file data-v4.cif (mmCIF, C-alpha atoms)
data_start
#
loop_
_atom_site.label_atom_id
_atom_site.label_comp_id
_atom_site.auth_asym_id
_atom_site.auth_seq_id
_atom_site.Cartn_x
_atom_site.Cartn_y
_atom_site.Cartn_z
CA MET A 1 15.89 36.44 -13.64
CA SER A 2 18.63 33.90 -14.23
CA ASP A 3 18.34 31.06 -16.75
CA ASP A 4 18.12 28.53 -13.88
CA GLU A 5 15.24 30.39 -12.24
CA HIS A 6 13.48 30.68 -15.61
CA ASP A 7 13.87 26.95 -16.27
CA SER A 8 12.67 26.15 -12.75
CA LYS A 9 9.49 28.22 -13.19
CA GLU A 10 8.83 26.61 -16.56
CA GLN A 11 9.22 23.15 -15.01
CA GLU A 12 6.86 24.05 -12.18
CA ALA A 13 4.28 25.26 -14.71
CA ARG A 14 4.60 22.03 -16.72
CA ASP A 15 4.29 19.92 -13.59
CA ARG A 16 1.20 21.85 -12.51
CA ALA A 17 -0.41 21.46 -15.93
CA ASP A 18 0.39 17.73 -15.99
CA LYS A 19 -1.10 17.30 -12.53
CA GLU A 20 -4.31 19.11 -13.50
CA ARG A 21 -4.62 17.11 -16.73
CA GLU A 22 -4.06 13.85 -14.84
CA ALA A 23 -6.69 14.79 -12.23
CA GLN A 24 -9.25 15.58 -14.95
CA GLU A 25 -8.55 12.31 -16.77
CA GLN A 26 -8.93 10.27 -13.58
CA ALA A 27 -12.11 12.13 -12.57
CA ALA A 28 -13.67 11.24 -15.94
CA LEU A 29 -13.29 7.49 -15.32
CA PRO A 30 -16.43 5.54 -14.29
CA TYR A 31 -14.68 4.48 -11.06
CA ARG A 32 -12.25 5.68 -8.41
CA TRP A 33 -9.09 3.78 -7.51
CA THR A 34 -6.24 3.81 -5.04
CA GLN A 35 -3.21 1.58 -4.65
CA GLU A 36 -0.46 0.39 -2.36
CA LEU A 37 2.60 -1.47 -3.59
CA GLY A 38 0.84 -4.79 -3.02
CA ASP A 39 -2.77 -4.14 -4.01
CA VAL A 40 -5.33 -1.99 -5.79
CA ASP A 41 -8.77 -0.93 -4.51
CA ILE A 42 -11.47 0.19 -6.93
CA THR A 43 -14.88 1.72 -6.20
CA VAL A 44 -17.48 1.53 -8.97
CA PRO A 45 -20.74 3.50 -8.48
CA VAL A 46 -23.91 1.60 -9.45
CA PRO A 47 -27.60 2.60 -9.36
CA LYS A 48 -28.93 2.86 -5.80
CA GLY A 49 -30.81 -0.26 -4.78
CA THR A 50 -28.62 -2.58 -6.84
CA ARG A 51 -28.44 -6.13 -5.49
CA GLY A 52 -25.62 -8.62 -5.78
CA ARG A 53 -27.67 -10.80 -8.12
CA ASP A 54 -28.00 -7.84 -10.50
CA LEU A 55 -24.25 -7.60 -10.99
CA LEU A 56 -21.88 -9.33 -13.36
CA VAL A 57 -18.31 -9.06 -12.08
CA VAL A 58 -15.49 -10.96 -13.75
CA ILE A 59 -12.03 -10.96 -12.15
CA GLN A 60 -9.32 -12.80 -14.06
CA LYS A 61 -5.53 -12.80 -13.95
CA LYS A 62 -5.28 -10.08 -16.61
CA LYS A 63 -8.90 -9.00 -17.15
CA LEU A 64 -11.59 -7.14 -15.23
CA SER A 65 -15.23 -6.51 -16.05
CA VAL A 66 -17.95 -4.90 -13.92
CA GLY A 67 -21.53 -4.21 -14.95
CA LEU A 68 -25.22 -4.89 -14.55
CA LYS A 69 -26.66 -8.03 -16.09
CA GLY A 70 -28.25 -7.37 -19.46
CA LYS A 71 -26.45 -4.04 -19.92
CA ASP A 72 -23.12 -2.89 -21.32
CA PRO A 73 -20.26 -3.21 -18.78
CA ILE A 74 -19.46 -0.14 -16.71
CA LEU A 75 -15.81 -1.02 -17.18
CA ALA A 76 -14.13 -3.88 -19.02
CA GLY A 77 -10.72 -4.64 -20.45
CA ASP A 78 -7.23 -5.90 -19.84
CA LEU A 79 -5.62 -5.08 -16.51
CA CYS A 80 -2.32 -3.22 -16.84
CA LYS A 81 -0.60 -5.89 -14.72
CA GLU A 82 -1.36 -9.44 -13.58
CA ILE A 83 -3.12 -10.14 -10.28
CA LYS A 84 -3.59 -13.03 -7.85
CA VAL A 85 -7.14 -14.04 -8.63
CA GLU A 86 -7.53 -16.21 -5.51
CA ASP A 87 -6.73 -13.24 -3.25
CA SER A 88 -8.85 -10.70 -5.13
CA THR A 89 -12.45 -10.01 -4.12
CA TRP A 90 -15.46 -7.80 -4.74
CA THR A 91 -18.32 -6.67 -2.49
CA LEU A 92 -21.48 -4.59 -2.94
CA GLU A 93 -21.56 -1.68 -0.47
CA ASP A 94 -24.80 0.05 0.59
CA GLN A 95 -26.46 -1.21 -2.62
CA GLN A 96 -24.86 1.69 -4.50
CA SER A 97 -21.19 0.90 -5.12
CA VAL A 98 -19.04 -2.11 -5.91
CA HIS A 99 -15.74 -2.34 -4.06
CA ILE A 100 -13.08 -4.41 -5.81
CA HIS A 101 -9.84 -5.47 -4.14
CA LEU A 102 -7.10 -6.69 -6.47
CA GLU A 103 -4.00 -8.35 -5.05
CA LYS A 104 -1.01 -7.58 -7.27
CA LEU A 105 1.12 -10.45 -8.54
CA ASN A 106 4.20 -8.21 -8.51
CA LYS A 107 4.20 -6.36 -5.20
CA GLN A 108 7.22 -4.22 -6.05
CA GLU A 109 5.79 -1.84 -8.64
CA TRP A 110 3.16 0.87 -8.94
CA TRP A 111 0.40 0.62 -11.52
CA GLU A 112 0.03 3.43 -14.09
CA ASN A 113 -3.64 2.61 -14.58
CA VAL A 114 -6.18 -0.11 -13.80
CA LEU A 115 -7.18 -1.02 -17.35
CA SER A 116 -4.44 -0.78 -19.94
CA HIS A 117 -6.51 1.42 -22.30
CA HIS A 118 -7.33 4.01 -19.65
CA PRO A 119 -5.33 7.20 -18.94
CA LYS A 120 -2.07 6.71 -17.06
CA ILE A 121 -0.82 8.39 -13.92
CA ASP A 122 2.80 9.42 -13.32
CA THR A 123 4.00 6.78 -10.86
CA ARG A 124 7.22 8.73 -10.26
CA LYS A 125 5.22 11.25 -8.25
CA ILE A 126 3.47 8.77 -5.96
CA GLN A 127 4.11 9.57 -2.30
CA PRO A 128 3.50 6.48 -0.09
CA GLU A 129 1.60 7.04 3.15
CA ASN A 130 4.08 6.70 5.98
CA SER A 131 5.17 7.92 9.36
CA LYS A 132 7.12 11.17 9.03
CA LEU A 133 10.82 10.43 8.92
CA SER A 134 11.45 13.78 10.58
CA ASP A 135 9.69 12.45 13.69
CA LEU A 136 12.31 9.70 14.11
CA ASP A 137 15.73 9.97 15.71
CA ALA A 138 18.79 9.89 13.45
CA GLU A 139 19.63 6.19 13.96
CA THR A 140 16.07 4.98 13.40
CA ARG A 141 15.65 7.27 10.40
CA GLY A 142 18.83 5.82 8.90
CA LEU A 143 17.52 2.28 9.35
CA VAL A 144 14.18 3.19 7.78
CA GLU A 145 15.78 4.94 4.81
CA LYS A 146 18.00 1.92 4.22
CA MET A 147 14.98 -0.38 4.32
CA MET A 148 13.15 1.97 1.92
CA VAL A 149 15.91 1.51 -0.62
CA ASN A 150 16.04 -2.26 -0.15
CA SER A 151 12.31 -2.86 -0.25
CA ARG A 152 11.21 -0.02 -2.53
CA PHE A 153 8.87 1.50 0.04
CA SER A 154 7.08 -1.77 0.92
CA LEU A 155 7.94 -1.11 4.55
CA PHE A 156 5.46 1.73 4.69
CA ARG A 157 2.45 -0.37 3.93
CA HIS A 158 2.82 -1.42 7.55
CA ASN A 159 3.53 1.65 9.65
CA SER A 160 3.86 -0.64 12.67
CA ASP A 161 7.32 -1.57 11.40
CA VAL A 162 8.43 2.03 11.80
CA ARG A 163 7.00 2.25 15.32
CA LEU A 164 8.73 -1.02 16.22
CA LEU A 165 12.09 0.30 15.05
CA LYS A 166 11.58 3.45 17.09
CA PHE A 167 10.58 1.45 20.17
CA ASP A 168 13.65 -0.83 19.91
CA ASN A 169 15.95 2.16 19.51
CA GLN A 170 14.47 3.85 22.62
CA GLN A 171 14.74 0.61 24.60
CA ARG A 172 18.44 0.28 23.70
CA GLN A 173 19.11 3.86 24.74
CA LEU A 174 17.50 3.15 28.13
CA GLY A 175 19.34 -0.15 28.52
CA LYS A 176 16.07 -2.06 28.39
CA PRO A 177 15.19 -5.19 26.35
CA THR A 178 14.13 -4.78 22.71
CA SER A 179 10.85 -6.14 21.33
CA ASP A 180 12.62 -9.31 20.17
CA GLU A 181 14.21 -9.83 23.60
CA LEU A 182 10.86 -9.20 25.31
CA LYS A 183 9.27 -11.91 23.14
CA LYS A 184 12.01 -14.35 24.12
CA MET A 185 11.56 -13.49 27.81
CA GLU A 186 7.82 -14.05 27.52
CA THR A 187 8.42 -17.42 25.83
CA LEU A 188 10.80 -18.41 28.63
CA LYS A 189 8.24 -17.40 31.28
CA LYS A 190 5.57 -19.55 29.64
CA PHE A 191 8.00 -22.47 29.45
CA GLN A 192 8.91 -21.99 33.12
CA ALA A 193 5.24 -22.03 34.10
CA ALA A 194 4.73 -25.23 32.13
CA HIS A 195 7.83 -26.88 33.66
CA PRO A 196 8.16 -25.79 37.31
CA GLU A 197 10.38 -28.80 38.01
CA LEU A 198 13.24 -27.32 35.95
CA ASP A 199 15.79 -24.77 37.22
CA PHE A 200 15.97 -21.66 35.05
CA SER A 201 17.94 -19.48 37.47
CA LYS A 202 20.98 -19.48 35.16
CA ALA A 203 19.07 -19.18 31.90
CA LYS A 204 20.23 -16.38 29.60
CA ILE A 205 18.34 -14.59 26.87
CA SER A 206 20.37 -14.34 23.65
#
call {"tool": "encode", "arguments": {"input": "data-v4.cif", "output": "structure tokens"}}
result
Amino acid sequence: MSDDEHDSKEQEARDRADKEREAQEQAALPYRWTQELGDVDITVPVPKGTRGRDLLVVIQKKKLSVGLKGKDPILAGDLCKEIKVEDSTWTLEDQQSVHIHLEKLNKQEWWENVLSHHPKIDTRKIQPENSKLSDLDAETRGLVEKMMVNSRFSLFRHNSDVRLLKFDNQQRQLGKPTSDELKKMETLKKFQAAHPELDFSKAKIS
């Protein structure tokens, strides 16, 4: 075995151990959480039959606390990053879990944890949910990859953007109008219908 192969196997073993440790640390938390570049969603289990009036939930720009009135909080502390309080919400689901939606203030970075004193995840290994680049033609894939670099993956929070790029590329190959041109044509049609007295026979879409 060469030195490179030996180093590669050692790295794989370290990565596997880190992943297992991270999974165990996250599983031990009193909540589950997921994130996109722009927001964080947290699910906190509570005793079955819990009502909204039984809960004490505090969402602040840099703090979060969730618990039952008269008892120690289930979770409480400083958030690892600031949030937009006015766009953040919480709801009680099926009287057995609290769902918290936090809107990130900075929508261009991944969070390492929810509360700053809780175990961190390795954000370098986050794989955003997205349409498979391999499913796209070369030109569209190039456009998407360029946008990924420019927007740091924010494109993939809205997979519709990828489908739109693919549609426009196919339309151009067939010599048909793109989505933008179709919108302009639709606007012109509506204007024509509203103003039948005008002559649009020489109107051009640009």
call {"tool": "resolve_selection", "arguments": {"input": "data-v4.cif", "expression": "the PyMOL selection byres ((chain A and resi 100-116) around 9)", "output": "ChimeraX atom specification"}}
result
/A:33,35-44,59,61,63-64,75-92,98-99,117-124,126,151-154
call {"tool": "write_last_selection", "arguments": {"input": "data-v4.cif", "atoms": "C-alpha atoms", "output": "compact mmCIF listing (two decimals), keeping the file's coordinate frame"}}
result
# COMPACT_ATOMS: atom_id res chain seq x y z
CA TRP A 33 -9.09 3.78 -7.51
CA GLN A 35 -3.21 1.58 -4.65
CA GLU A 36 -0.46 0.39 -2.36
CA LEU A 37 2.60 -1.47 -3.59
CA GLY A 38 0.84 -4.79 -3.02
CA ASP A 39 -2.77 -4.14 -4.01
CA VAL A 40 -5.33 -1.99 -5.79
CA ASP A 41 -8.77 -0.93 -4.51
CA ILE A 42 -11.47 0.19 -6.93
CA THR A 43 -14.88 1.72 -6.20
CA VAL A 44 -17.48 1.53 -8.97
CA ILE A 59 -12.03 -10.96 -12.15
CA LYS A 61 -5.53 -12.80 -13.95
CA LYS A 63 -8.90 -9.00 -17.15
CA LEU A 64 -11.59 -7.14 -15.23
CA LEU A 75 -15.81 -1.02 -17.18
CA ALA A 76 -14.13 -3.88 -19.02
CA GLY A 77 -10.72 -4.64 -20.45
CA ASP A 78 -7.23 -5.90 -19.84
CA LEU A 79 -5.62 -5.08 -16.51
CA CYS A 80 -2.32 -3.22 -16.84
CA LYS A 81 -0.60 -5.89 -14.72
CA GLU A 82 -1.36 -9.44 -13.58
CA ILE A 83 -3.12 -10.14 -10.28
CA LYS A 84 -3.59 -13.03 -7.85
CA VAL A 85 -7.14 -14.04 -8.63
CA GLU A 86 -7.53 -16.21 -5.51
CA ASP A 87 -6.73 -13.24 -3.25
CA SER A 88 -8.85 -10.70 -5.13
CA THR A 89 -12.45 -10.01 -4.12
CA TRP A 90 -15.46 -7.80 -4.74
CA THR A 91 -18.32 -6.67 -2.49
CA LEU A 92 -21.48 -4.59 -2.94
CA VAL A 98 -19.04 -2.11 -5.91
CA HIS A 99 -15.74 -2.34 -4.06
CA HIS A 117 -6.51 1.42 -22.30
CA HIS A 118 -7.33 4.01 -19.65
CA PRO A 119 -5.33 7.20 -18.94
CA LYS A 120 -2.07 6.71 -17.06
CA ILE A 121 -0.82 8.39 -13.92
CA ASP A 122 2.80 9.42 -13.32
CA THR A 123 4.00 6.78 -10.86
CA ARG A 124 7.22 8.73 -10.26
CA ILE A 126 3.47 8.77 -5.96
CA SER A 151 12.31 -2.86 -0.25
CA ARG A 152 11.21 -0.02 -2.53
CA PHE A 153 8.87 1.50 0.04
CA SER A 154 7.08 -1.77 0.92
call {"tool": "closest_residue", "arguments": {"input": "data-v4.cif", "among": "A:Pro45, A:Lys69, A:Asp168, A:Lys62", "to": "A:Pro30", "atoms": "all atoms listed in the file"}}
result
A:Pro45
call {"tool": "resolve_selection", "arguments": {"input": "data-v4.cif", "expression": "the PyMOL selection byres ((chain A and resi 178) around 12)", "output": "number ranges by chain"}}
result
A: 164-177, 179-185, 205-206
call {"tool": "atom_distance", "arguments": {"input": "data-v4.cif", "atom1": "atom CA of A:Tyr31", "atom2": "atom CA of A:Gly67"}}
result
11.7 Å
call {"tool": "atom_distance", "arguments": {"input": "data-v4.cif", "atom1": "atom CA of A:Val66", "atom2": "atom CA of A:Gly52"}}
result
11.8 Å
call {"tool": "closest_residue", "arguments": {"input": "data-v4.cif", "among": "A:Glu186, A:Asp7, A:Glu93, A:Asp72", "to": "A:Thr50", "atoms": "all atoms listed in the file"}}
result
A:Glu93
call {"tool": "atom_distance", "arguments": {"input": "data-v4.cif", "atom1": "atom CA of A:Glu25", "atom2": "atom CA of A:Leu55"}}
result
26.0 Å
call {"tool": "build_atoms", "arguments": {"input": "data-v4.cif", "residues": "stretch 68-92 of chain A", "atoms": "N, CA and C atoms", "output": "PDB file, in the coordinates of the input"}}
result
ATOM      1  N   LEU A  68     -23.918  -4.352 -14.920  1.00  0.00           N
ATOM      2  CA  LEU A  68     -25.220  -4.890 -14.550  1.00  0.00           C
ATOM      3  C   LEU A  68     -25.647  -5.897 -15.618  1.00  0.00           C
ATOM      4  N   LYS A  69     -26.227  -6.985 -15.160  1.00  0.00           N
ATOM      5  CA  LYS A  69     -26.660  -8.030 -16.090  1.00  0.00           C
ATOM      6  C   LYS A  69     -27.618  -7.458 -17.151  1.00  0.00           C
ATOM      7  N   GLY A  70     -27.381  -7.831 -18.376  1.00  0.00           N
ATOM      8  CA  GLY A  70     -28.250  -7.370 -19.460  1.00  0.00           C
ATOM      9  C   GLY A  70     -27.894  -6.003 -20.000  1.00  0.00           C
ATOM     10  N   LYS A  71     -26.856  -5.371 -19.460  1.00  0.00           N
ATOM     11  CA  LYS A  71     -26.450  -4.040 -19.920  1.00  0.00           C
ATOM     12  C   LYS A  71     -24.961  -4.041 -20.274  1.00  0.00           C
ATOM     13  N   ASP A  72     -24.534  -3.005 -20.990  1.00  0.00           N
ATOM     14  CA  ASP A  72     -23.120  -2.890 -21.320  1.00  0.00           C
ATOM     15  C   ASP A  72     -22.305  -2.739 -20.038  1.00  0.00           C
ATOM     16  N   PRO A  73     -21.101  -3.323 -19.982  1.00  0.00           N
ATOM     17  CA  PRO A  73     -20.260  -3.210 -18.780  1.00  0.00           C
ATOM     18  C   PRO A  73     -19.949  -1.753 -18.442  1.00  0.00           C
ATOM     19  N   ILE A  74     -19.865  -1.471 -17.156  1.00  0.00           N
ATOM     20  CA  ILE A  74     -19.460  -0.140 -16.710  1.00  0.00           C
ATOM     21  C   ILE A  74     -17.972   0.051 -16.995  1.00  0.00           C
ATOM     22  N   LEU A  75     -17.221  -1.009 -16.798  1.00  0.00           N
ATOM     23  CA  LEU A  75     -15.810  -1.020 -17.180  1.00  0.00           C
ATOM     24  C   LEU A  75     -15.426  -2.439 -17.568  1.00  0.00           C
ATOM     25  N   ALA A  76     -14.552  -2.556 -18.548  1.00  0.00           N
ATOM     26  CA  ALA A  76     -14.130  -3.880 -19.020  1.00  0.00           C
ATOM     27  C   ALA A  76     -12.855  -3.733 -19.836  1.00  0.00           C
ATOM     28  N   GLY A  77     -11.949  -4.672 -19.655  1.00  0.00           N
ATOM     29  CA  GLY A  77     -10.720  -4.640 -20.450  1.00  0.00           C
ATOM     30  C   GLY A  77      -9.586  -5.390 -19.785  1.00  0.00           C
ATOM     31  N   ASP A  78      -8.425  -5.259 -20.375  1.00  0.00           N
ATOM     32  CA  ASP A  78      -7.230  -5.900 -19.840  1.00  0.00           C
ATOM     33  C   ASP A  78      -6.651  -5.081 -18.694  1.00  0.00           C
ATOM     34  N   LEU A  79      -6.303  -5.754 -17.605  1.00  0.00           N
ATOM     35  CA  LEU A  79      -5.620  -5.080 -16.510  1.00  0.00           C
ATOM     36  C   LEU A  79      -4.208  -4.710 -16.959  1.00  0.00           C
ATOM     37  N   CYS A  80      -3.659  -3.636 -16.400  1.00  0.00           N
ATOM     38  CA  CYS A  80      -2.320  -3.220 -16.840  1.00  0.00           C
ATOM     39  C   CYS A  80      -1.246  -4.179 -16.344  1.00  0.00           C
ATOM     40  N   LYS A  81      -1.534  -4.895 -15.246  1.00  0.00           N
ATOM     41  CA  LYS A  81      -0.600  -5.890 -14.720  1.00  0.00           C
ATOM     42  C   LYS A  81      -1.390  -7.109 -14.259  1.00  0.00           C
ATOM     43  N   GLU A  82      -0.696  -8.214 -14.036  1.00  0.00           N
ATOM     44  CA  GLU A  82      -1.360  -9.440 -13.580  1.00  0.00           C
ATOM     45  C   GLU A  82      -1.670  -9.375 -12.093  1.00  0.00           C
ATOM     46  N   ILE A  83      -2.710 -10.106 -11.682  1.00  0.00           N
ATOM     47  CA  ILE A  83      -3.120 -10.140 -10.280  1.00  0.00           C
ATOM     48  C   ILE A  83      -3.208 -11.583  -9.782  1.00  0.00           C
ATOM     49  N   LYS A  84      -3.331 -11.727  -8.465  1.00  0.00           N
ATOM     50  CA  LYS A  84      -3.590 -13.030  -7.850  1.00  0.00           C
ATOM     51  C   LYS A  84      -5.103 -13.160  -7.715  1.00  0.00           C
ATOM     52  N   VAL A  85      -5.684 -13.925  -8.598  1.00  0.00           N
ATOM     53  CA  VAL A  85      -7.140 -14.040  -8.630  1.00  0.00           C
ATOM     54  C   VAL A  85      -7.702 -14.579  -7.317  1.00  0.00           C
ATOM     55  N   GLU A  86      -7.010 -15.574  -6.732  1.00  0.00           N
ATOM     56  CA  GLU A  86      -7.530 -16.210  -5.510  1.00  0.00           C
ATOM     57  C   GLU A  86      -7.556 -15.264  -4.312  1.00  0.00           C
ATOM     58  N   ASP A  87      -6.757 -14.195  -4.362  1.00  0.00           N
ATOM     59  CA  ASP A  87      -6.730 -13.240  -3.250  1.00  0.00           C
ATOM     60  C   ASP A  87      -7.465 -11.945  -3.573  1.00  0.00           C
ATOM     61  N   SER A  88      -8.118 -11.890  -4.716  1.00  0.00           N
ATOM     62  CA  SER A  88      -8.850 -10.700  -5.130  1.00  0.00           C
ATOM     63  C   SER A  88     -10.350 -10.919  -4.912  1.00  0.00           C
ATOM     64  N   THR A  89     -11.033  -9.871  -4.489  1.00  0.00           N
ATOM     65  CA  THR A  89     -12.450 -10.010  -4.120  1.00  0.00           C
ATOM     66  C   THR A  89     -13.262  -8.797  -4.575  1.00  0.00           C
ATOM     67  N   TRP A  90     -14.591  -8.960  -4.519  1.00  0.00           N
ATOM     68  CA  TRP A  90     -15.460  -7.800  -4.740  1.00  0.00           C
ATOM     69  C   TRP A  90     -16.659  -7.894  -3.796  1.00  0.00           C
ATOM     70  N   THR A  91     -17.165  -6.727  -3.380  1.00  0.00           N
ATOM     71  CA  THR A  91     -18.320  -6.670  -2.490  1.00  0.00           C
ATOM     72  C   THR A  91     -19.216  -5.508  -2.924  1.00  0.00           C
ATOM     73  N   LEU A  92     -20.519  -5.653  -2.660  1.00  0.00           N
ATOM     74  CA  LEU A  92     -21.480  -4.590  -2.940  1.00  0.00           C
ATOM     75  C   LEU A  92     -21.683  -3.816  -1.631  1.00  0.00           C
TER      76      LEU A  92
END
